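Asker: For reference, the file my_file_37.cif (mmCIF, C-alpha atoms) is included below:
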```
data_data
#
loop_
_atom_site.group_PDB
_atom_site.id
_atom_site.type_symbol
_atom_site.label_atom_id
_atom_site.label_comp_id
_atom_site.auth_asym_id
_atom_site.auth_seq_id
_atom_site.Cartn_x
_atom_site.Cartn_y
_atom_site.Cartn_z
ATOM 1 C CA MET A 205 28.593 -16.854 82.550
ATOM 2 C CA SER A 206 25.805 -14.252 82.568
ATOM 3 C CA ASP A 207 22.122 -15.038 83.142
ATOM 4 C CA LEU A 208 21.456 -14.464 79.443
ATOM 5 C CA GLN A 209 24.206 -16.871 78.405
ATOM 6 C CA ALA A 210 22.881 -19.450 80.880
ATOM 7 C CA ALA A 211 19.377 -19.079 79.423
ATOM 8 C CA ILE A 212 20.644 -19.664 75.873
ATOM 9 C CA THR A 213 22.490 -22.753 77.136
ATOM 10 C CA ARG A 214 19.215 -24.020 78.646
ATOM 11 C CA ILE A 215 17.540 -23.569 75.275
ATOM 12 C CA GLY A 216 20.187 -25.796 73.710
ATOM 13 C CA LYS A 217 19.665 -28.504 76.339
ATOM 14 C CA THR A 218 15.891 -28.384 75.918
ATOM 15 C CA LEU A 219 16.195 -28.685 72.143
ATOM 16 C CA GLY A 220 18.544 -31.624 72.607
ATOM 17 C CA SER A 221 15.977 -33.412 74.742
ATOM 18 C CA VAL A 222 13.256 -33.012 72.092
ATOM 19 C CA VAL A 223 15.368 -33.669 68.972
ATOM 20 C CA VAL A 224 17.675 -36.417 70.180
ATOM 21 C CA GLY A 225 21.219 -36.881 68.895
ATOM 22 C CA GLN A 226 21.708 -33.482 67.217
ATOM 23 C CA GLU A 227 23.650 -31.587 69.907
ATOM 24 C CA ALA A 228 26.299 -30.160 67.547
ATOM 25 C CA LEU A 229 23.592 -29.068 65.096
ATOM 26 C CA VAL A 230 21.661 -27.354 67.904
ATOM 27 C CA GLN A 231 24.677 -25.310 68.988
ATOM 28 C CA GLN A 232 25.405 -24.173 65.422
ATOM 29 C CA LEU A 233 21.755 -23.186 65.020
ATOM 30 C CA LEU A 234 21.941 -21.070 68.174
ATOM 31 C CA VAL A 235 25.180 -19.468 66.964
ATOM 32 C CA ALA A 236 23.417 -18.452 63.741
ATOM 33 C CA LEU A 237 20.480 -17.041 65.720
ATOM 34 C CA LEU A 238 22.815 -14.914 67.864
ATOM 35 C CA ALA A 239 24.798 -13.776 64.822
ATOM 36 C CA GLY A 240 21.556 -12.756 63.102
ATOM 37 C CA GLY A 241 22.239 -14.999 60.108
ATOM 38 C CA HIS A 242 19.818 -17.157 58.143
ATOM 39 C CA VAL A 243 20.318 -20.923 57.941
ATOM 40 C CA ILE A 244 19.918 -23.770 55.451
ATOM 41 C CA LEU A 245 19.216 -27.168 56.985
ATOM 42 C CA GLU A 246 19.974 -29.934 54.508
ATOM 43 C CA GLY A 247 19.134 -33.552 55.155
ATOM 44 C CA VAL A 248 16.998 -36.485 54.184
ATOM 45 C CA PRO A 249 13.338 -36.424 55.260
ATOM 46 C CA GLY A 250 12.486 -37.587 58.753
ATOM 47 C CA THR A 251 15.509 -36.236 60.649
ATOM 48 C CA GLY A 252 13.605 -33.654 62.724
ATOM 49 C CA LYS A 253 14.457 -30.451 60.849
ATOM 50 C CA THR A 254 10.975 -28.931 61.010
ATOM 51 C CA LEU A 255 10.406 -29.991 64.619
ATOM 52 C CA LEU A 256 13.717 -28.443 65.661
ATOM 53 C CA VAL A 257 12.799 -24.995 64.308
ATOM 54 C CA ARG A 258 9.234 -25.108 65.675
ATOM 55 C CA VAL A 259 10.448 -25.917 69.178
ATOM 56 C CA LEU A 260 13.191 -23.268 69.038
ATOM 57 C CA SER A 261 10.716 -20.564 68.019
ATOM 58 C CA ARG A 262 8.559 -21.474 71.024
ATOM 59 C CA LEU A 263 11.486 -21.441 73.461
ATOM 60 C CA ILE A 264 12.398 -17.882 72.393
ATOM 61 C CA GLN A 265 8.718 -16.801 72.486
ATOM 62 C CA SER A 266 8.648 -15.560 68.912
ATOM 63 C CA ASP A 267 6.046 -15.429 66.168
ATOM 64 C CA PHE A 268 6.444 -18.415 63.861
ATOM 65 C CA ALA A 269 5.325 -19.081 60.301
ATOM 66 C CA ARG A 270 5.943 -22.039 58.015
ATOM 67 C CA ILE A 271 5.828 -22.155 54.221
ATOM 68 C CA GLN A 272 5.642 -25.540 52.513
ATOM 69 C CA LEU A 273 7.327 -24.695 49.216
ATOM 70 C CA THR A 274 6.148 -26.556 46.122
ATOM 71 C CA PRO A 275 6.747 -26.168 42.365
ATOM 72 C CA ASP A 276 3.485 -24.252 41.879
ATOM 73 C CA ILE A 277 3.852 -21.707 44.715
ATOM 74 C CA LEU A 278 4.002 -18.043 43.646
ATOM 75 C CA PRO A 279 6.111 -15.152 45.020
ATOM 76 C CA SER A 280 2.923 -13.482 46.266
ATOM 77 C CA ASP A 281 2.195 -16.578 48.366
ATOM 78 C CA ILE A 282 5.321 -15.679 50.348
ATOM 79 C CA SER A 283 5.349 -11.876 50.364
ATOM 80 C CA GLY A 284 1.630 -11.135 50.237
ATOM 81 C CA THR A 285 -0.357 -8.900 47.927
ATOM 82 C CA ASN A 286 -2.623 -5.857 47.826
ATOM 83 C CA VAL A 287 -6.278 -6.893 47.612
ATOM 84 C CA PHE A 288 -8.947 -4.518 46.282
ATOM 85 C CA ASP A 289 -11.863 -4.025 48.690
ATOM 86 C CA LEU A 290 -15.028 -3.453 46.637
ATOM 87 C CA THR A 291 -16.864 -1.990 49.629
ATOM 88 C CA ASN A 292 -14.337 0.723 50.468
ATOM 89 C CA ARG A 293 -12.879 0.885 46.943
ATOM 90 C CA THR A 294 -9.367 0.782 48.385
ATOM 91 C CA PHE A 295 -6.479 -1.654 48.352
ATOM 92 C CA THR A 296 -5.711 -3.560 51.562
ATOM 93 C CA LEU A 297 -2.423 -5.292 52.215
ATOM 94 C CA LYS A 298 -2.809 -9.028 52.755
ATOM 95 C CA ARG A 299 0.444 -9.938 54.466
ATOM 96 C CA GLY A 300 2.169 -13.154 53.532
ATOM 97 C CA PRO A 301 3.892 -15.549 55.937
ATOM 98 C CA VAL A 302 7.178 -13.651 55.548
ATOM 99 C CA PHE A 303 5.821 -11.061 58.012
ATOM 100 C CA THR A 304 6.919 -12.972 61.100
ATOM 101 C CA GLN A 305 9.881 -13.320 63.443
ATOM 102 C CA VAL A 306 10.935 -16.907 62.703
ATOM 103 C CA LEU A 307 10.167 -18.164 59.197
ATOM 104 C CA LEU A 308 10.569 -21.817 58.257
ATOM 105 C CA ALA A 309 10.836 -22.227 54.474
ATOM 106 C CA ASP A 310 10.349 -25.963 54.096
ATOM 107 C CA GLU A 311 11.994 -27.672 51.092
ATOM 108 C CA ILE A 312 13.191 -24.434 49.545
ATOM 109 C CA ASN A 313 14.857 -26.223 46.653
ATOM 110 C CA ARG A 314 11.588 -27.786 45.477
ATOM 111 C CA THR A 315 10.268 -24.449 44.228
ATOM 112 C CA PRO A 316 11.405 -22.658 41.028
ATOM 113 C CA PRO A 317 14.053 -19.880 41.131
ATOM 114 C CA LYS A 318 11.481 -17.099 40.609
ATOM 115 C CA THR A 319 9.789 -17.987 43.870
ATOM 116 C CA GLN A 320 13.090 -18.631 45.663
ATOM 117 C CA SER A 321 14.114 -15.070 44.806
ATOM 118 C CA ALA A 322 11.038 -13.698 46.595
ATOM 119 C CA LEU A 323 12.938 -14.209 49.839
ATOM 120 C CA LEU A 324 16.047 -12.313 48.695
ATOM 121 C CA GLU A 325 14.953 -8.786 49.598
ATOM 122 C CA ALA A 326 13.442 -9.924 52.889
ATOM 123 C CA MET A 327 16.606 -11.764 53.909
ATOM 124 C CA GLU A 328 19.066 -9.079 52.870
ATOM 125 C CA GLU A 329 17.224 -5.817 53.614
ATOM 126 C CA GLN A 330 14.653 -6.995 56.200
ATOM 127 C CA GLN A 331 11.798 -5.484 54.262
ATOM 128 C CA VAL A 332 9.275 -6.407 51.575
ATOM 129 C CA THR A 333 8.328 -4.143 48.669
ATOM 130 C CA LEU A 334 4.815 -4.517 47.293
ATOM 131 C CA ASP A 335 3.521 -2.249 44.521
ATOM 132 C CA GLY A 336 6.344 0.217 45.167
ATOM 133 C CA THR A 337 5.781 0.476 48.917
ATOM 134 C CA SER A 338 8.337 -0.935 51.362
ATOM 135 C CA HIS A 339 7.096 -2.741 54.451
ATOM 136 C CA PRO A 340 9.599 -3.384 57.267
ATOM 137 C CA LEU A 341 9.914 -6.811 58.864
ATOM 138 C CA PRO A 342 10.376 -7.472 62.606
ATOM 139 C CA ASP A 343 13.788 -6.853 64.179
ATOM 140 C CA LEU A 344 14.161 -10.551 64.971
ATOM 141 C CA PHE A 345 13.287 -11.691 61.426
ATOM 142 C CA TRP A 346 15.142 -14.978 60.912
ATOM 143 C CA VAL A 347 14.825 -17.497 58.096
ATOM 144 C CA VAL A 348 15.557 -21.195 58.433
ATOM 145 C CA ALA A 349 15.194 -23.021 55.129
ATOM 146 C CA THR A 350 15.194 -26.786 54.835
ATOM 147 C CA GLN A 351 16.236 -28.512 51.659
ATOM 148 C CA ASN A 352 16.638 -32.028 50.362
ATOM 149 C CA PRO A 353 19.966 -33.142 48.876
ATOM 150 C CA LEU A 354 20.262 -32.111 45.225
ATOM 151 C CA GLU A 355 20.406 -35.738 44.153
ATOM 152 C CA PHE A 356 16.719 -36.066 45.090
ATOM 153 C CA GLU A 357 14.149 -35.894 42.290
ATOM 154 C CA GLY A 358 12.362 -32.570 41.747
ATOM 155 C CA THR A 359 14.936 -30.252 43.348
ATOM 156 C CA TYR A 360 16.279 -26.951 42.006
ATOM 157 C CA PRO A 361 19.763 -25.751 43.017
ATOM 158 C CA LEU A 362 19.721 -22.340 44.723
ATOM 159 C CA PRO A 363 21.590 -19.592 42.817
ATOM 160 C CA GLU A 364 24.865 -18.319 44.285
ATOM 161 C CA ALA A 365 23.341 -14.884 44.995
ATOM 162 C CA GLN A 366 20.749 -16.450 47.274
ATOM 163 C CA LEU A 367 23.100 -18.957 48.873
ATOM 164 C CA ASP A 368 25.334 -16.085 49.972
ATOM 165 C CA ARG A 369 22.417 -14.631 51.963
ATOM 166 C CA PHE A 370 22.511 -17.637 54.262
ATOM 167 C CA LEU A 371 25.027 -17.540 57.081
ATOM 168 C CA PHE A 372 25.219 -21.306 57.614
ATOM 169 C CA LYS A 373 24.457 -24.480 55.742
ATOM 170 C CA LEU A 374 24.008 -27.198 58.358
ATOM 171 C CA VAL A 375 23.907 -30.838 57.283
ATOM 172 C CA VAL A 376 21.432 -32.880 59.312
ATOM 173 C CA ASP A 377 22.795 -36.416 59.395
ATOM 174 C CA TYR A 378 21.285 -39.593 60.754
ATOM 175 C CA PRO A 379 21.536 -39.810 64.559
ATOM 176 C CA ALA A 380 24.043 -42.150 66.180
ATOM 177 C CA PRO A 381 22.740 -45.643 67.068
ATOM 178 C CA ALA A 382 22.527 -44.791 70.792
ATOM 179 C CA ALA A 383 20.541 -41.623 70.034
ATOM 180 C CA GLU A 384 18.217 -43.450 67.657
ATOM 181 C CA LYS A 385 17.604 -46.093 70.307
ATOM 182 C CA GLN A 386 16.676 -43.306 72.722
ATOM 183 C CA MET A 387 14.175 -42.090 70.122
ATOM 184 C CA LEU A 388 12.626 -45.571 70.101
ATOM 185 C CA LEU A 389 12.491 -45.608 73.896
ATOM 186 C CA ASN A 390 10.795 -42.190 73.855
ATOM 187 C CA ALA A 391 8.279 -43.462 71.313
ATOM 188 C CA GLN A 392 7.689 -46.558 73.425
ATOM 189 C CA ALA A 393 6.987 -44.284 76.393
ATOM 190 C CA GLY A 394 4.311 -42.456 74.389
ATOM 191 C CA PHE A 395 6.198 -39.522 72.797
ATOM 192 C CA GLU A 396 4.934 -38.595 69.311
ATOM 193 C CA ALA A 397 6.657 -35.696 67.574
ATOM 194 C CA LYS A 398 3.718 -34.971 65.256
ATOM 195 C CA ARG A 399 1.367 -34.762 68.251
ATOM 196 C CA LEU A 400 3.689 -32.655 70.372
ATOM 197 C CA ASP A 401 1.802 -29.616 71.677
ATOM 198 C CA ILE A 402 4.359 -26.861 71.118
ATOM 199 C CA GLY A 403 2.139 -24.459 73.045
ATOM 200 C CA GLN A 404 2.686 -26.435 76.249
ATOM 201 C CA LEU A 405 6.439 -25.776 76.144
ATOM 202 C CA LYS A 406 7.374 -22.910 78.424
ATOM 203 C CA PRO A 407 9.450 -20.161 76.749
ATOM 204 C CA ILE A 408 12.879 -19.685 78.268
ATOM 205 C CA VAL A 409 13.589 -16.217 76.877
ATOM 206 C CA SER A 410 11.669 -13.592 74.932
ATOM 207 C CA ALA A 411 12.408 -12.152 71.511
ATOM 208 C CA ASN A 412 13.789 -9.042 73.228
ATOM 209 C CA HIS A 413 16.231 -11.218 75.158
ATOM 210 C CA VAL A 414 17.464 -12.683 71.871
ATOM 211 C CA LEU A 415 18.026 -9.183 70.496
ATOM 212 C CA ALA A 416 19.921 -8.270 73.674
ATOM 213 C CA ALA A 417 22.048 -11.419 73.310
ATOM 214 C CA ARG A 418 22.856 -10.412 69.735
ATOM 215 C CA LYS A 419 24.129 -7.057 70.967
ATOM 216 C CA GLU A 420 26.310 -8.707 73.607
ATOM 217 C CA ALA A 421 27.690 -11.190 71.075
ATOM 218 C CA LYS A 422 28.435 -8.370 68.635
ATOM 219 C CA ALA A 423 30.435 -6.569 71.354
ATOM 220 C CA VAL A 424 32.808 -9.490 72.024
ATOM 221 C CA PRO A 425 36.389 -8.138 71.550
ATOM 222 C CA VAL A 426 38.541 -9.372 68.651
ATOM 223 C CA GLN A 427 42.293 -8.827 68.439
ATOM 224 C CA GLU A 428 43.825 -7.646 65.190
ATOM 225 C CA SER A 429 45.776 -10.887 64.859
ATOM 226 C CA ILE A 430 42.462 -12.780 64.725
ATOM 227 C CA LEU A 431 41.228 -10.456 61.984
ATOM 228 C CA ASP A 432 44.416 -11.112 60.018
ATOM 229 C CA TYR A 433 43.963 -14.859 60.526
ATOM 230 C CA LEU A 434 40.383 -14.718 59.267
ATOM 231 C CA LEU A 435 41.447 -12.712 56.206
ATOM 232 C CA ALA A 436 44.238 -15.181 55.474
ATOM 233 C CA LEU A 437 41.707 -18.016 55.490
ATOM 234 C CA ALA A 438 39.379 -16.093 53.176
ATOM 235 C CA HIS A 439 42.190 -15.282 50.726
ATOM 236 C CA LYS A 440 43.284 -18.922 50.781
ATOM 237 C CA THR A 441 39.855 -19.997 49.500
ATOM 238 C CA ARG A 442 40.129 -17.501 46.626
ATOM 239 C CA GLN A 443 43.515 -18.853 45.560
ATOM 240 C CA HIS A 444 42.861 -22.540 46.163
ATOM 241 C CA PRO A 445 43.596 -24.709 43.080
ATOM 242 C CA ASP A 446 40.591 -26.960 43.722
ATOM 243 C CA LEU A 447 38.080 -24.095 43.916
ATOM 244 C CA GLU A 448 36.457 -22.105 41.141
ATOM 245 C CA LEU A 449 34.817 -19.696 43.584
ATOM 246 C CA GLY A 450 36.107 -18.642 46.994
ATOM 247 C CA THR A 451 34.410 -16.835 49.816
ATOM 248 C CA SER A 452 32.999 -13.334 49.286
ATOM 249 C CA PRO A 453 33.793 -10.173 51.300
ATOM 250 C CA ARG A 454 30.232 -10.278 52.664
ATOM 251 C CA SER A 455 30.780 -13.784 53.980
ATOM 252 C CA THR A 456 34.061 -12.682 55.609
ATOM 253 C CA VAL A 457 32.109 -10.108 57.628
ATOM 254 C CA GLN A 458 29.553 -12.785 58.512
ATOM 255 C CA TRP A 459 32.396 -15.127 59.475
ATOM 256 C CA LEU A 460 33.527 -12.578 62.049
ATOM 257 C CA ALA A 461 29.993 -12.200 63.421
ATOM 258 C CA ALA A 462 29.579 -15.972 63.714
ATOM 259 C CA SER A 463 32.951 -16.298 65.458
ATOM 260 C CA LYS A 464 31.882 -13.677 68.008
ATOM 261 C CA ALA A 465 28.571 -15.457 68.589
ATOM 262 C CA HIS A 466 30.374 -18.777 69.041
ATOM 263 C CA ALA A 467 32.711 -17.217 71.606
ATOM 264 C CA TRP A 468 29.814 -15.566 73.458
ATOM 265 C CA ILE A 469 27.682 -18.701 73.657
ATOM 266 C CA ASN A 470 30.660 -20.566 75.141
ATOM 267 C CA GLY A 471 31.196 -17.919 77.803
ATOM 268 C CA GLN A 472 34.472 -16.573 76.406
ATOM 269 C CA GLU A 473 35.567 -12.983 76.883
ATOM 270 C CA TYR A 474 37.206 -12.675 73.452
ATOM 271 C CA VAL A 475 37.428 -14.490 70.107
ATOM 272 C CA THR A 476 40.104 -17.142 69.590
ATOM 273 C CA PRO A 477 41.240 -18.999 66.440
ATOM 274 C CA ASP A 478 39.231 -22.001 67.643
ATOM 275 C CA ASN A 479 36.034 -19.971 67.337
ATOM 276 C CA VAL A 480 36.944 -18.990 63.778
ATOM 277 C CA LYS A 481 37.629 -22.617 62.849
ATOM 278 C CA ALA A 482 34.549 -23.973 64.626
ATOM 279 C CA VAL A 483 32.114 -22.052 62.408
ATOM 280 C CA ALA A 484 34.125 -22.379 59.165
ATOM 281 C CA PRO A 485 32.551 -25.549 57.694
ATOM 282 C CA ALA A 486 28.963 -24.384 58.196
ATOM 283 C CA LEU A 487 29.774 -20.922 56.849
ATOM 284 C CA LEU A 488 31.780 -21.997 53.790
ATOM 285 C CA ARG A 489 30.318 -25.254 52.499
ATOM 286 C CA HIS A 490 27.518 -23.595 50.499
ATOM 287 C CA ARG A 491 29.683 -20.723 49.226
ATOM 288 C CA LEU A 492 32.705 -22.508 47.809
ATOM 289 C CA VAL A 493 32.422 -23.984 44.308
ATOM 290 C CA LEU A 494 34.625 -26.965 43.462
ATOM 291 C CA GLY A 495 36.482 -27.038 40.165
ATOM 292 C CA ALA A 496 35.710 -29.702 37.566
ATOM 293 C CA GLU A 497 38.892 -31.685 38.239
ATOM 294 C CA ALA A 498 38.291 -31.647 41.986
ATOM 295 C CA GLN A 499 34.800 -33.032 41.457
ATOM 296 C CA LEU A 500 36.147 -35.773 39.199
ATOM 297 C CA ASP A 501 38.716 -36.643 41.863
ATOM 298 C CA GLY A 502 35.890 -37.114 44.361
ATOM 299 C CA LEU A 503 36.832 -34.180 46.597
ATOM 300 C CA THR A 504 34.151 -32.730 48.845
ATOM 301 C CA THR A 505 33.776 -29.125 49.929
ATOM 302 C CA ASP A 506 34.217 -30.082 53.582
ATOM 303 C CA ARG A 507 37.577 -31.756 52.810
ATOM 304 C CA VAL A 508 38.772 -28.647 50.990
ATOM 305 C CA ILE A 509 37.686 -26.467 53.935
ATOM 306 C CA GLN A 510 39.642 -28.655 56.324
ATOM 307 C CA GLY A 511 42.658 -28.376 54.033
ATOM 308 C CA VAL A 512 42.380 -24.579 54.090
ATOM 309 C CA LEU A 513 42.204 -24.566 57.898
ATOM 310 C CA ASP A 514 45.262 -26.813 58.102
ATOM 311 C CA ALA A 515 47.249 -24.744 55.599
ATOM 312 C CA VAL A 516 46.980 -21.338 57.328
ATOM 313 C CA ALA A 517 49.152 -20.763 60.386
ATOM 314 C CA VAL A 518 47.233 -20.140 63.607
ATOM 315 C CA PRO A 519 48.238 -16.925 65.435
ATOM 316 C CA ARG A 520 49.543 -17.255 68.965
#
```
In structure tokens, write the structure found in this file.
Answerer:
Amino acid sequence: MSDLQAAITRIGKTLGSVVVGQEALVQQLLVALLAGGHVILEGVPGTGKTLLVRVLSRLIQSDFARIQLTPDILPSDISGTNVFDLTNRTFTLKRGPVFTQVLLADEINRTPPKTQSALLEAMEEQQVTLDGTSHPLPDLFWVVATQNPLEFEGTYPLPEAQLDRFLFKLVVDYPAPAAEKQMLLNAQAGFEAKRLDIGQLKPIVSANHVLAARKEAKAVPVQESILDYLLALAHKTRQHPDLELGTSPRSTVQWLAASKAHAWINGQEYVTPDNVKAVAPALLRHRLVLGAEAQLDGLTTDRVIQGVLDAVAVPR
């Protein structure tokens, strides 16, 4: 394992010590970071979603911005706007919070679709266009959006076009009893998450190191049989009787990138079928649309994904 891989592993361990009981979630978040893909974190309030992203941004020494999305927020509150200066009689760009390296869009599904779409260009093209002028975003630009389950009052479902811009949808569940007890012990010892001074945490890597790790992950070799296996899985979702909408060609390319990142972070020299399967649920669960009969039968997207993985033969 290289020094860079060891450093990324240390980031995962540090995150696990701050946000207890979410080790699997932490690894998937790091895989998305190395694959250069944006993430949705879905879970009930109070499970540490915001804290997790804040601490991660500090450990990679990156600029961080947070948007608390509400029903009355406007697209210009995210992107920024040109303000007229009466003294100089010129327009000056007032940059919005999207001009950062790590952007936390908190409760993205509590804001109307018009404002949700303000992130589309930034996420897909890594730039913002204001009054006909395009403004590039940083190379590391990475969006993590939290959302509440759709059953919660006052939520708006994200449109398919925007969902497809996210690499992963990670479900933040309640911690196991042992982990939650450790949280109580930490609190008893004086730890308070809301009073945690993020600035006192020492960065483990820099933003340039993350970009270098992305290049190394992208260069991980993939045999043609693995490509065929990935395509077979994608085609299976498009022909599945319980699905109205399968995975898109764009998501197939992202699936490959995530598989490479998963192999790299685990110190592997090439991609295996296990890497492809490991990232499948997080990559597919927000892209696949269940048919009406499947929903009536009580099927879940994760069960269908597991069925797809079981149905396609694994290459030797």
Asker: Measuring between all atoms listed in the file, which one of A:Ile509, A:Glu473, A:Arg258, A:Gly220 shows the shortest distance to A:Ala486?
Answerer: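 Among A:Ile509, A:Glu473, A:Arg258, A:Gly220, it is A:Ile509 that comes nearest to A:Ala486.
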Asker: Would you list the residues near (15.5, -11.9, 75.7) (no more than 12 Å away, in the coordinates of the file, using all atoms listed in the file) as a list of chain:residue names?
Answerer: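 Every polymer residue passing the test: A:Asp207, A:Leu208, A:Gln209, A:Ala210, A:Ala211, A:Ile212, A:Ile215, A:Leu238, A:Leu263, A:Ile264, A:Gln265, A:Ser266, A:Leu344, A:Pro407, A:Ile408, A:Val409, A:Ser410, A:Ala411, A:Asn412, A:His413, A:Val414, A:Leu415, A:Ala416, A:Ala417, A:Arg418, A:Lys419, A:Glu420.
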Asker: Stretch 356-383 of chain A near stretch 309-322 of chain A within 9 Å: what's each residue's closest atom pair and its distance in Å to one decimal, counting all atoms listed in the file, ordered by chain then ascending residue number, as a tab-separated table?
Answerer:
```
residue	atom	partner	partner_atom	distance
A:Gly358	CA	A:Arg314	CA	6.1
A:Thr359	CA	A:Arg314	CA	4.7
A:Tyr360	CA	A:Asn313	CA	4.9
A:Pro361	CA	A:Asn313	CA	6.1
A:Leu362	CA	A:Asn313	CA	6.5
A:Pro363	CA	A:Pro317	CA	7.7
A:Gln366	CA	A:Ser321	CA	7.2
```
Asker: So which one's closest to A:Gln510, A:Leu229, A:Val223, A:Leu324, A:Val483? Using only C-alpha atoms, please.
Answerer: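 Of A:Leu229, A:Val223, A:Leu324, A:Val483, the one nearest A:Gln510 is A:Val483, counting only C-alpha atoms.
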Asker: To test your reading of the syntax: which residues would the PyMOL selection byres ((chain A and resi 487) around 8) return for the file shown? Reply as a PyMOL selection string.
Answerer: chain A and resi 371-373+455+459+483-486+488-491
Asker: Between A:Asn286, A:Asn352, A:Thr456, A:Ser463, which one has atoms that come closest to A:Thr476, using all atoms listed in the file?
Answerer: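 For A:Thr476, the nearest of the candidates is A:Ser463.
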Asker: Using atom CA of A:Val347 and atom CA of A:Thr251 as the two end points, give the distance in Å to one decimal.
Answerer: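 Answer for the atom CA of A:Val347 to atom CA of A:Thr251 separation: 18.9 Å.
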Asker: Just the number, please: distance in Å from atom CA of A:Leu388 to atom CA of A:Leu256, one decimal.
Answerer: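 It comes out at 17.7 Å.
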Asker: Rank nothing, just name the residue among A:Ala421, A:Val224, A:Leu405, A:Val376 nearest to A:Pro249, using only C-alpha atoms.
Answerer: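 Ranking A:Ala421, A:Val224, A:Leu405, A:Val376 by distance to A:Pro249, first place goes to A:Val376.
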